[in-house]
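Enquirer: my_file28.cif is reproduced in full below (mmCIF, C-alpha atoms).
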```
data_run
loop_
_atom_site.group_PDB
_atom_site.id
_atom_site.type_symbol
_atom_site.label_atom_id
_atom_site.label_comp_id
_atom_site.auth_asym_id
_atom_site.auth_seq_id
_atom_site.Cartn_x
_atom_site.Cartn_y
_atom_site.Cartn_z
ATOM 1 C CA MET A 1 94.959 -8.475 -29.964
ATOM 2 C CA GLU A 2 93.754 -6.080 -27.242
ATOM 3 C CA LEU A 3 91.449 -7.280 -24.493
ATOM 4 C CA ASP A 4 88.906 -4.896 -22.976
ATOM 5 C CA PHE A 5 90.209 -4.449 -19.444
ATOM 6 C CA ASP A 6 88.196 -1.271 -18.873
ATOM 7 C CA LYS A 7 84.805 -2.908 -18.499
ATOM 8 C CA MET A 8 85.712 -4.423 -15.152
ATOM 9 C CA GLY A 9 88.182 -1.995 -13.635
ATOM 10 C CA GLY A 10 91.321 -3.474 -15.169
ATOM 11 C CA LEU A 11 90.380 -7.167 -15.050
ATOM 12 C CA VAL A 12 89.003 -9.829 -17.358
ATOM 13 C CA PRO A 13 87.625 -13.179 -16.188
ATOM 14 C CA ALA A 14 89.459 -16.261 -17.423
ATOM 15 C CA ILE A 15 87.713 -19.617 -17.647
ATOM 16 C CA ILE A 16 90.097 -22.538 -17.223
ATOM 17 C CA GLN A 17 89.160 -25.818 -18.892
ATOM 18 C CA ASP A 18 90.987 -29.147 -19.008
ATOM 19 C CA TYR A 19 92.216 -29.498 -22.596
ATOM 20 C CA GLU A 20 91.680 -33.252 -22.692
ATOM 21 C CA THR A 21 88.469 -33.880 -20.748
ATOM 22 C CA GLY A 22 86.722 -30.532 -21.272
ATOM 23 C CA GLN A 23 86.041 -30.259 -17.524
ATOM 24 C CA VAL A 24 85.746 -26.648 -16.376
ATOM 25 C CA LEU A 25 88.345 -26.333 -13.627
ATOM 26 C CA MET A 26 88.008 -22.781 -12.298
ATOM 27 C CA LEU A 27 87.429 -19.130 -13.012
ATOM 28 C CA ALA A 28 89.896 -16.435 -12.045
ATOM 29 C CA TYR A 29 90.738 -12.889 -13.075
ATOM 30 C CA MET A 30 93.635 -11.482 -15.053
ATOM 31 C CA ASN A 31 94.967 -7.952 -15.127
ATOM 32 C CA LYS A 32 96.993 -6.849 -18.141
ATOM 33 C CA ILE A 33 100.263 -8.033 -16.598
ATOM 34 C CA ALA A 34 98.865 -11.486 -15.795
ATOM 35 C CA TRP A 35 97.488 -11.790 -19.340
ATOM 36 C CA GLU A 36 100.851 -10.875 -20.877
ATOM 37 C CA LYS A 37 102.735 -13.207 -18.522
ATOM 38 C CA THR A 38 100.356 -16.025 -19.489
ATOM 39 C CA LEU A 39 101.063 -15.523 -23.190
ATOM 40 C CA GLU A 40 104.813 -15.124 -22.642
ATOM 41 C CA THR A 41 105.336 -18.094 -20.346
ATOM 42 C CA GLY A 42 102.648 -20.566 -21.453
ATOM 43 C CA ARG A 43 101.610 -20.894 -17.792
ATOM 44 C CA ALA A 44 98.391 -19.437 -16.352
ATOM 45 C CA TRP A 45 98.855 -16.229 -14.373
ATOM 46 C CA PHE A 46 96.056 -14.472 -12.514
ATOM 47 C CA TYR A 47 95.420 -11.364 -10.498
ATOM 48 C CA SER A 48 94.516 -11.783 -6.846
ATOM 49 C CA ARG A 49 91.981 -9.194 -5.696
ATOM 50 C CA SER A 50 92.676 -9.935 -2.040
ATOM 51 C CA ARG A 51 96.464 -9.682 -2.357
ATOM 52 C CA ASP A 52 96.382 -6.994 -5.088
ATOM 53 C CA LYS A 53 99.045 -8.649 -7.229
ATOM 54 C CA GLN A 54 99.472 -11.057 -10.105
ATOM 55 C CA TRP A 55 100.567 -14.597 -9.336
ATOM 56 C CA MET A 56 101.332 -17.754 -11.259
ATOM 57 C CA LYS A 57 98.812 -20.494 -10.599
ATOM 58 C CA GLY A 58 100.683 -23.254 -8.821
ATOM 59 C CA GLU A 59 103.515 -21.067 -7.513
ATOM 60 C CA SER A 60 102.985 -22.373 -3.981
ATOM 61 C CA SER A 61 101.227 -25.710 -4.613
ATOM 62 C CA GLY A 62 103.235 -26.747 -7.668
ATOM 63 C CA HIS A 63 99.913 -27.266 -9.470
ATOM 64 C CA VAL A 64 100.882 -25.210 -12.489
ATOM 65 C CA GLN A 65 98.583 -24.899 -15.503
ATOM 66 C CA MET A 66 100.305 -25.472 -18.855
ATOM 67 C CA VAL A 67 98.410 -23.470 -21.461
ATOM 68 C CA LYS A 68 97.514 -25.480 -24.559
ATOM 69 C CA GLU A 69 94.983 -23.200 -26.280
ATOM 70 C CA VAL A 70 93.746 -19.634 -25.797
ATOM 71 C CA TYR A 71 90.332 -18.366 -26.933
ATOM 72 C CA ILE A 72 88.824 -14.861 -26.737
ATOM 73 C CA ASP A 73 85.122 -14.147 -26.561
ATOM 74 C CA CYS A 74 83.063 -12.054 -28.966
ATOM 75 C CA ASP A 75 83.277 -8.926 -26.772
ATOM 76 C CA ASP A 76 87.037 -9.147 -26.068
ATOM 77 C CA ASP A 77 86.279 -9.139 -22.347
ATOM 78 C CA THR A 78 86.579 -12.826 -21.366
ATOM 79 C CA VAL A 79 89.176 -15.473 -22.148
ATOM 80 C CA LEU A 80 89.070 -19.257 -22.170
ATOM 81 C CA LEU A 81 92.251 -21.238 -21.577
ATOM 82 C CA LYS A 82 92.518 -24.936 -22.282
ATOM 83 C CA VAL A 83 95.233 -26.239 -20.007
ATOM 84 C CA GLU A 84 97.058 -29.284 -18.755
ATOM 85 C CA GLN A 85 96.596 -29.193 -14.993
ATOM 86 C CA VAL A 86 99.800 -30.419 -13.346
ATOM 87 C CA GLY A 87 98.962 -32.564 -10.313
ATOM 88 C CA GLY A 88 95.388 -33.049 -11.552
ATOM 89 C CA ALA A 89 93.795 -30.638 -9.055
ATOM 90 C CA ALA A 90 93.018 -26.983 -9.801
ATOM 91 C CA CYS A 91 91.094 -26.171 -6.623
ATOM 92 C CA HIS A 92 92.883 -24.943 -3.525
ATOM 93 C CA LYS A 93 90.533 -27.166 -1.524
ATOM 94 C CA GLY A 94 92.078 -30.238 -3.155
ATOM 95 C CA TYR A 95 89.541 -31.053 -5.850
ATOM 96 C CA ALA A 96 90.171 -31.423 -9.581
ATOM 97 C CA SER A 97 87.699 -28.601 -10.259
ATOM 98 C CA CYS A 98 86.538 -25.704 -8.109
ATOM 99 C CA PHE A 99 83.015 -26.659 -9.236
ATOM 100 C CA PHE A 100 82.880 -29.777 -7.074
ATOM 101 C CA ARG A 101 79.459 -28.977 -5.595
ATOM 102 C CA LYS A 102 76.241 -29.596 -7.473
ATOM 103 C CA LEU A 103 73.023 -27.785 -6.626
ATOM 104 C CA ASN A 104 69.871 -29.818 -6.995
ATOM 105 C CA GLY A 105 67.610 -28.555 -4.265
ATOM 106 C CA ASP A 106 70.389 -29.482 -1.835
ATOM 107 C CA VAL A 107 74.103 -29.055 -2.375
ATOM 108 C CA THR A 108 75.990 -32.303 -3.029
ATOM 109 C CA ILE A 109 79.733 -32.804 -3.264
ATOM 110 C CA VAL A 110 80.298 -34.549 -6.573
ATOM 111 C CA GLY A 111 84.069 -34.189 -6.879
ATOM 112 C CA GLU A 112 86.709 -36.377 -5.309
ATOM 113 C CA ARG A 113 89.316 -34.687 -3.163
ATOM 114 C CA LEU A 114 92.741 -35.415 -4.622
ATOM 115 C CA PHE A 115 94.944 -33.728 -2.037
ATOM 116 C CA ASP A 116 94.833 -32.385 1.500
ATOM 117 C CA PRO A 117 95.251 -28.588 1.397
ATOM 118 C CA ASP A 118 96.882 -28.568 4.839
ATOM 119 C CA LYS A 119 99.694 -30.742 3.530
ATOM 120 C CA VAL A 120 100.183 -28.818 0.290
ATOM 121 C CA TYR A 121 100.002 -25.226 1.502
ATOM 122 C CA ASN A 122 101.419 -25.478 5.029
ATOM 123 C CA LYS A 123 104.468 -27.554 4.317
ATOM 124 C CA MET B 1 72.569 -22.011 -0.619
ATOM 125 C CA GLU B 2 73.706 -18.363 -0.633
ATOM 126 C CA LEU B 3 76.005 -17.037 -3.335
ATOM 127 C CA ASP B 4 78.450 -14.254 -2.528
ATOM 128 C CA PHE B 5 77.088 -11.352 -4.562
ATOM 129 C CA ASP B 6 79.020 -8.770 -2.532
ATOM 130 C CA LYS B 7 82.443 -9.478 -3.947
ATOM 131 C CA MET B 8 81.540 -8.011 -7.330
ATOM 132 C CA GLY B 9 78.987 -5.330 -6.539
ATOM 133 C CA GLY B 10 75.906 -7.547 -6.687
ATOM 134 C CA LEU B 11 76.950 -9.887 -9.497
ATOM 135 C CA VAL B 12 78.423 -13.335 -9.939
ATOM 136 C CA PRO B 13 79.877 -14.643 -13.204
ATOM 137 C CA ALA B 14 78.139 -17.667 -14.712
ATOM 138 C CA ILE B 15 79.987 -20.014 -17.049
ATOM 139 C CA ILE B 16 77.688 -21.698 -19.552
ATOM 140 C CA GLN B 17 78.731 -25.101 -20.869
ATOM 141 C CA ASP B 18 76.997 -27.451 -23.300
ATOM 142 C CA TYR B 19 75.818 -30.384 -21.193
ATOM 143 C CA GLU B 20 76.470 -32.949 -23.934
ATOM 144 C CA THR B 21 79.662 -31.818 -25.655
ATOM 145 C CA GLY B 22 81.333 -29.937 -22.790
ATOM 146 C CA GLN B 23 81.958 -26.938 -25.068
ATOM 147 C CA VAL B 24 82.130 -23.675 -23.119
ATOM 148 C CA LEU B 25 79.491 -21.478 -24.747
ATOM 149 C CA MET B 26 79.704 -18.129 -22.976
ATOM 150 C CA LEU B 27 80.200 -16.225 -19.771
ATOM 151 C CA ALA B 28 77.637 -13.782 -18.424
ATOM 152 C CA TYR B 29 76.722 -12.214 -15.095
ATOM 153 C CA MET B 30 73.817 -12.841 -12.758
ATOM 154 C CA ASN B 31 72.386 -10.578 -10.103
ATOM 155 C CA LYS B 32 70.365 -12.153 -7.297
ATOM 156 C CA ILE B 33 67.111 -11.878 -9.232
ATOM 157 C CA ALA B 34 68.584 -13.535 -12.335
ATOM 158 C CA TRP B 35 70.019 -16.351 -10.191
ATOM 159 C CA GLU B 36 66.665 -16.974 -8.523
ATOM 160 C CA LYS B 37 64.811 -16.817 -11.851
ATOM 161 C CA THR B 38 67.274 -19.347 -13.284
ATOM 162 C CA LEU B 39 66.607 -21.788 -10.461
ATOM 163 C CA GLU B 40 62.838 -21.237 -10.567
ATOM 164 C CA THR B 41 62.373 -21.504 -14.333
ATOM 165 C CA GLY B 42 65.133 -23.894 -15.404
ATOM 166 C CA ARG B 43 66.134 -21.349 -18.074
ATOM 167 C CA ALA B 44 69.294 -19.214 -17.895
ATOM 168 C CA TRP B 45 68.725 -15.613 -16.825
ATOM 169 C CA PHE B 46 71.436 -12.986 -16.703
ATOM 170 C CA TYR B 47 71.972 -9.399 -15.724
ATOM 171 C CA SER B 48 72.835 -6.936 -18.457
ATOM 172 C CA ARG B 49 75.288 -4.298 -17.246
ATOM 173 C CA SER B 50 74.584 -2.060 -20.246
ATOM 174 C CA ARG B 51 70.784 -2.235 -19.891
ATOM 175 C CA ASP B 52 70.828 -2.479 -16.064
ATOM 176 C CA LYS B 53 68.245 -5.255 -15.913
ATOM 177 C CA GLN B 54 67.909 -9.007 -15.807
ATOM 178 C CA TRP B 55 66.893 -10.833 -18.971
ATOM 179 C CA MET B 56 66.228 -14.391 -20.063
ATOM 180 C CA LYS B 57 68.834 -15.638 -22.504
ATOM 181 C CA GLY B 58 66.995 -16.182 -25.794
ATOM 182 C CA GLU B 59 64.109 -13.849 -25.044
ATOM 183 C CA SER B 60 64.608 -12.062 -28.364
ATOM 184 C CA SER B 61 66.471 -14.690 -30.422
ATOM 185 C CA GLY B 62 64.537 -17.731 -29.190
ATOM 186 C CA HIS B 63 67.897 -19.323 -28.328
ATOM 187 C CA VAL B 64 66.908 -20.231 -24.799
ATOM 188 C CA GLN B 65 69.254 -22.217 -22.536
ATOM 189 C CA MET B 66 67.583 -25.149 -20.769
ATOM 190 C CA VAL B 67 69.448 -25.712 -17.523
ATOM 191 C CA LYS B 68 70.433 -29.341 -16.964
ATOM 192 C CA GLU B 69 72.928 -29.041 -14.079
ATOM 193 C CA VAL B 70 74.060 -26.287 -11.711
ATOM 194 C CA TYR B 71 77.457 -26.194 -9.973
ATOM 195 C CA ILE B 72 78.857 -23.688 -7.465
ATOM 196 C CA ASP B 73 82.530 -22.966 -7.012
ATOM 197 C CA CYS B 74 84.557 -23.321 -3.819
ATOM 198 C CA ASP B 75 84.221 -19.614 -2.940
ATOM 199 C CA ASP B 76 80.472 -19.342 -3.613
ATOM 200 C CA ASP B 77 81.178 -16.539 -6.078
ATOM 201 C CA THR B 78 80.981 -18.249 -9.488
ATOM 202 C CA VAL B 79 78.457 -20.667 -10.978
ATOM 203 C CA LEU B 80 78.682 -23.188 -13.788
ATOM 204 C CA LEU B 81 75.550 -24.149 -15.695
ATOM 205 C CA LYS B 82 75.395 -27.140 -18.002
ATOM 206 C CA VAL B 83 72.687 -26.386 -20.524
ATOM 207 C CA GLU B 84 70.942 -27.523 -23.646
ATOM 208 C CA GLN B 85 71.339 -24.628 -26.072
ATOM 209 C CA VAL B 86 68.150 -24.298 -28.113
ATOM 210 C CA GLY B 87 69.010 -23.439 -31.726
ATOM 211 C CA GLY B 88 72.602 -24.599 -31.226
ATOM 212 C CA ALA B 89 74.097 -21.089 -31.057
ATOM 213 C CA ALA B 90 74.785 -19.196 -27.827
ATOM 214 C CA CYS B 91 76.647 -16.233 -29.311
ATOM 215 C CA HIS B 92 74.788 -13.151 -30.480
ATOM 216 C CA LYS B 93 77.171 -13.066 -33.424
ATOM 217 C CA GLY B 94 75.738 -16.371 -34.665
ATOM 218 C CA TYR B 95 78.334 -18.852 -33.451
ATOM 219 C CA ALA B 96 77.764 -21.899 -31.252
ATOM 220 C CA SER B 97 80.162 -20.462 -28.663
ATOM 221 C CA CYS B 98 81.213 -16.896 -27.919
ATOM 222 C CA PHE B 99 84.773 -18.273 -27.841
ATOM 223 C CA PHE B 100 84.963 -18.732 -31.610
ATOM 224 C CA ARG B 101 88.343 -16.999 -31.936
ATOM 225 C CA LYS B 102 91.616 -18.713 -31.113
ATOM 226 C CA LEU B 103 94.755 -16.797 -30.293
ATOM 227 C CA ASN B 104 97.971 -18.327 -31.535
ATOM 228 C CA GLY B 105 100.162 -15.383 -32.386
ATOM 229 C CA ASP B 106 97.376 -14.260 -34.715
ATOM 230 C CA VAL B 107 93.662 -14.493 -34.077
ATOM 231 C CA THR B 108 91.881 -17.181 -36.096
ATOM 232 C CA ILE B 109 88.146 -17.799 -36.351
ATOM 233 C CA VAL B 110 87.690 -21.450 -35.479
ATOM 234 C CA GLY B 111 83.915 -21.553 -35.025
ATOM 235 C CA GLU B 112 81.312 -21.919 -37.748
ATOM 236 C CA ARG B 113 78.623 -19.264 -37.952
ATOM 237 C CA LEU B 114 75.246 -20.939 -37.565
ATOM 238 C CA PHE B 115 72.950 -17.947 -38.042
ATOM 239 C CA ASP B 116 72.988 -14.408 -39.397
ATOM 240 C CA PRO B 117 72.467 -11.975 -36.496
ATOM 241 C CA ASP B 118 70.785 -9.426 -38.792
ATOM 242 C CA LYS B 119 68.055 -11.938 -39.570
ATOM 243 C CA VAL B 120 67.553 -13.104 -35.998
ATOM 244 C CA TYR B 121 67.632 -9.809 -34.103
ATOM 245 C CA ASN B 122 66.168 -7.391 -36.667
ATOM 246 C CA LYS B 123 63.198 -9.423 -37.772
#
```
What would the structure in this file look like if it were written as structure tokens?

Expert:
Amino acid sequence: MELDFDKMGGLVPAIIQDYETGQVLMLAYMNKIAWEKTLETGRAWFYSRSRDKQWMKGESSGHVQMVKEVYIDCDDDTVLLKVEQVGGAACHKGYASCFFRKLNGDVTIVGERLFDPDKVYNK
Amino acid sequence: MELDFDKMGGLVPAIIQDYETGQVLMLAYMNKIAWEKTLETGRAWFYSRSRDKQWMKGESSGHVQMVKEVYIDCDDDTVLLKVEQVGGAACHKGYASCFFRKLNGDVTIVGERLFDPDKVYNK
């Protein structure tokens, strides 16, 4: 199974979904190394564009994502992971999902903040 | 509400999810025009990298996506649309979801094909 990393300069987007509730938790990017690490370890790995390196989700927060199912899209250029989100919060701002804001004319916060980022990342 | 189109050369990824079942249907990209058209019309519009233009999902197949809810991620660079998928199939290969293949060592087709693309696109 070969993903098409060429279309986006070495990256593919990965959609992360809660395997039990179906809630979409986040989107991040994988390079080839992150993709292979994800399959090898059963934990979600991504590529950070700002830091220019792969990293395991949760390596600093402890909020690891345990991969339950892996899907590939029809063009081989996007993946969907169904995961168990350890700690219940995928977003670095402390929410279960990064999509905690709803647009309906105005922007409304619809998610509940589960942790304080200052306490998790600056400990 | 301003999305960050700069991070990816004028595009943001849009995750499309069925508003009733929670199934992730597809991922596509929006430029600023497609994003504004989506909000104005309540139908999903995307940007085609291969054709270098925005297009309304379903404009040739009739499989329009009626936008029910719009979410924005914590970095303002990804959107999540919950939609009603007209015709029940989002994938141009005839499946409900573009993620109709599951990777588990081997690749297995887990989706059911709902239409024949040759009949829908070459009519």

Enquirer: Leaving out stretch 48-50 of chain B and any residue of its chain fewer than 6 positions from it, which residues lie within 10 Å of it when counting all atoms listed in the file, given as a list in words?

Expert: Lys7 of chain A; Leu11, Ala28, Tyr29, Met30, Asn31 and Ala34 of chain B

Enquirer: Hey, what's within 8 Å of stretch 63-75 of chain B if we count all atoms listed in the file and toss same-chain stuff fewer than 5 positions away? As a PyMOL selection string, please?

Expert: (chain A and resi 26+91+93+98-104) or (chain B and resi 4+19+38+42-44+56-58+80-90)

Enquirer: Could you fit chain A onto chain B by least squares over every C-alpha atom, paired in order, and give me the moved chain as a compact mmCIF listing (two decimals) with C-alpha atoms, in the coordinates of the input?

Expert:
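Output contents, as saved in part35.txt:
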```txt
# COMPACT_ATOMS: atom_id res chain seq x y z
CA MET A 1 72.59 -22.01 -0.62
CA GLU A 2 73.70 -18.36 -0.63
CA LEU A 3 76.00 -17.04 -3.32
CA ASP A 4 78.46 -14.25 -2.52
CA PHE A 5 77.10 -11.35 -4.55
CA ASP A 6 79.01 -8.76 -2.53
CA LYS A 7 82.44 -9.47 -3.96
CA MET A 8 81.54 -8.00 -7.33
CA GLY A 9 78.98 -5.32 -6.55
CA GLY A 10 75.90 -7.54 -6.68
CA LEU A 11 76.95 -9.88 -9.50
CA VAL A 12 78.42 -13.33 -9.94
CA PRO A 13 79.88 -14.65 -13.20
CA ALA A 14 78.15 -17.67 -14.71
CA ILE A 15 79.99 -20.01 -17.04
CA ILE A 16 77.68 -21.70 -19.54
CA GLN A 17 78.73 -25.10 -20.87
CA ASP A 18 77.00 -27.45 -23.30
CA TYR A 19 75.82 -30.40 -21.19
CA GLU A 20 76.46 -32.95 -23.92
CA THR A 21 79.67 -31.83 -25.65
CA GLY A 22 81.33 -29.95 -22.77
CA GLN A 23 81.95 -26.95 -25.05
CA VAL A 24 82.13 -23.68 -23.12
CA LEU A 25 79.49 -21.49 -24.74
CA MET A 26 79.71 -18.13 -22.97
CA LEU A 27 80.20 -16.22 -19.76
CA ALA A 28 77.65 -13.78 -18.42
CA TYR A 29 76.72 -12.21 -15.09
CA MET A 30 73.81 -12.84 -12.76
CA ASN A 31 72.38 -10.58 -10.10
CA LYS A 32 70.37 -12.16 -7.29
CA ILE A 33 67.11 -11.88 -9.24
CA ALA A 34 68.59 -13.54 -12.34
CA TRP A 35 70.02 -16.35 -10.19
CA GLU A 36 66.66 -16.99 -8.53
CA LYS A 37 64.81 -16.83 -11.86
CA THR A 38 67.28 -19.36 -13.29
CA LEU A 39 66.60 -21.81 -10.46
CA GLU A 40 62.84 -21.24 -10.58
CA THR A 41 62.37 -21.51 -14.33
CA GLY A 42 65.14 -23.90 -15.41
CA ARG A 43 66.14 -21.36 -18.07
CA ALA A 44 69.29 -19.22 -17.90
CA TRP A 45 68.72 -15.63 -16.83
CA PHE A 46 71.44 -12.99 -16.72
CA TYR A 47 71.97 -9.41 -15.73
CA SER A 48 72.84 -6.93 -18.46
CA ARG A 49 75.28 -4.28 -17.26
CA SER A 50 74.56 -2.06 -20.25
CA ARG A 51 70.77 -2.24 -19.89
CA ASP A 52 70.82 -2.49 -16.07
CA LYS A 53 68.23 -5.26 -15.92
CA GLN A 54 67.90 -9.02 -15.81
CA TRP A 55 66.90 -10.83 -18.98
CA MET A 56 66.24 -14.38 -20.07
CA LYS A 57 68.83 -15.64 -22.52
CA GLY A 58 67.01 -16.20 -25.79
CA GLU A 59 64.11 -13.85 -25.06
CA SER A 60 64.63 -12.06 -28.37
CA SER A 61 66.48 -14.70 -30.43
CA GLY A 62 64.55 -17.73 -29.19
CA HIS A 63 67.90 -19.33 -28.34
CA VAL A 64 66.92 -20.24 -24.81
CA GLN A 65 69.24 -22.22 -22.55
CA MET A 66 67.58 -25.16 -20.77
CA VAL A 67 69.45 -25.72 -17.52
CA LYS A 68 70.44 -29.34 -16.95
CA GLU A 69 72.93 -29.05 -14.07
CA VAL A 70 74.06 -26.28 -11.71
CA TYR A 71 77.45 -26.19 -9.97
CA ILE A 72 78.86 -23.68 -7.46
CA ASP A 73 82.54 -22.97 -7.00
CA CYS A 74 84.57 -23.31 -3.81
CA ASP A 75 84.24 -19.60 -2.94
CA ASP A 76 80.48 -19.33 -3.62
CA ASP A 77 81.19 -16.52 -6.08
CA THR A 78 80.98 -18.25 -9.49
CA VAL A 79 78.47 -20.66 -10.97
CA LEU A 80 78.68 -23.19 -13.78
CA LEU A 81 75.55 -24.15 -15.70
CA LYS A 82 75.39 -27.14 -17.99
CA VAL A 83 72.69 -26.39 -20.51
CA GLU A 84 70.93 -27.52 -23.64
CA GLN A 85 71.34 -24.64 -26.07
CA VAL A 86 68.15 -24.31 -28.12
CA GLY A 87 69.01 -23.45 -31.73
CA GLY A 88 72.61 -24.60 -31.22
CA ALA A 89 74.11 -21.09 -31.06
CA ALA A 90 74.79 -19.19 -27.83
CA CYS A 91 76.65 -16.23 -29.31
CA HIS A 92 74.79 -13.15 -30.47
CA LYS A 93 77.17 -13.06 -33.44
CA GLY A 94 75.74 -16.37 -34.66
CA TYR A 95 78.33 -18.85 -33.45
CA ALA A 96 77.76 -21.90 -31.25
CA SER A 97 80.16 -20.46 -28.67
CA CYS A 98 81.21 -16.90 -27.92
CA PHE A 99 84.77 -18.28 -27.84
CA PHE A 100 84.97 -18.73 -31.60
CA ARG A 101 88.35 -17.00 -31.95
CA LYS A 102 91.60 -18.72 -31.12
CA LEU A 103 94.76 -16.80 -30.29
CA ASN A 104 97.97 -18.34 -31.53
CA GLY A 105 100.16 -15.40 -32.37
CA ASP A 106 97.38 -14.27 -34.71
CA VAL A 107 93.66 -14.50 -34.08
CA THR A 108 91.87 -17.20 -36.09
CA ILE A 109 88.15 -17.81 -36.36
CA VAL A 110 87.67 -21.46 -35.47
CA GLY A 111 83.90 -21.55 -35.04
CA GLU A 112 81.30 -21.90 -37.75
CA ARG A 113 78.62 -19.25 -37.95
CA LEU A 114 75.24 -20.92 -37.56
CA PHE A 115 72.95 -17.93 -38.05
CA ASP A 116 72.98 -14.39 -39.40
CA PRO A 117 72.46 -11.96 -36.50
CA ASP A 118 70.79 -9.42 -38.79
CA LYS A 119 68.05 -11.92 -39.58
CA VAL A 120 67.55 -13.08 -35.99
CA TYR A 121 67.62 -9.78 -34.11
CA ASN A 122 66.16 -7.35 -36.66
CA LYS A 123 63.18 -9.35 -37.78
```

Enquirer: Evaluate the PyMOL selection byres ((chain B and resi 6) around 12) on the structure here and hand back the selected residues as a PyMOL selection string.

Expert: chain B and resi 2-5+7-12+31-32+76-78

Enquirer: Go through B:Ile109, B:Val79, B:Val120, B:Ala96 one by one, measure the shortest atom-to-atom distance of each to B:Leu39 using only C-alpha atoms, and give the residue with the smallest value.

Expert: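 With only C-alpha atoms as the atom set, the closest residue is B:Val79.
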
Enquirer: Could the centre and edge lengths of an axis-aligned box, enclosing all atoms of stretch 55-69 of chain A in the file with 3 Å extra on each side, be given in Å to one decimal as AutoDock Vina command-line options?

Expert:
```
--center_x 99.2 --center_y -20.9 --center_z -15.1 --size_x 14.5 --size_y 18.7 --size_z 28.3
```

Enquirer: Can you work out the spacing between atom CA of B:Pro117 and atom CA of B:Gly62 in Å, to one decimal?

Expert: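 Atom-to-atom, atom CA of B:Pro117 to atom CA of B:Gly62, that is 12.2 Å.
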
Enquirer: Point out the residue among B:Asp52, B:Tyr95, B:Ser61, B:Ile33 with the least atom-to-atom distance to chain A, counting all atoms listed in the file.

Expert: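 Of all the options, B:Tyr95 lies closest to chain A.
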
Enquirer: From the list B:Gln54, B:Thr41, B:Ser60, B:Gln23, which residue is nearest chain A when using only C-alpha atoms?

Expert: B:Gln23

Enquirer: Please compute the atom CA of B:Pro13-atom CA of A:Gln17 distance, one decimal, in Å.

Expert: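 About the pair atom CA of B:Pro13 and atom CA of A:Gln17: they are 15.6 Å apart.
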
Enquirer: In Å to one decimal, how far is atom CA of A:Met1 from atom CA of B:Val107?

Expert: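 Spanning atom CA of B:Val107 to atom CA of A:Met1 is a straight-line distance of 7.4 Å.
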
Enquirer: B:Leu27, B:Lys119, B:Phe46, B:Glu20: which is nearest chain A, counting all atoms listed in the file?

Expert: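 Ranking B:Leu27, B:Lys119, B:Phe46, B:Glu20 by distance to chain A, first place goes to B:Leu27.
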
Enquirer: Quick one: of A:Arg51, A:Gly94, A:Ala14, A:Leu25, who's nearest to A:Phe115, counting all atoms listed in the file?

Expert: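 Nearest to A:Phe115: A:Gly94.
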
Enquirer: Here is a test: counting all atoms listed in the file, which residue of A:Glu36, A:Trp45, A:Lys53, A:Thr108 is nearest to chain B?

Expert: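 Comparing A:Glu36, A:Trp45, A:Lys53, A:Thr108 against chain B, the winner is A:Thr108.
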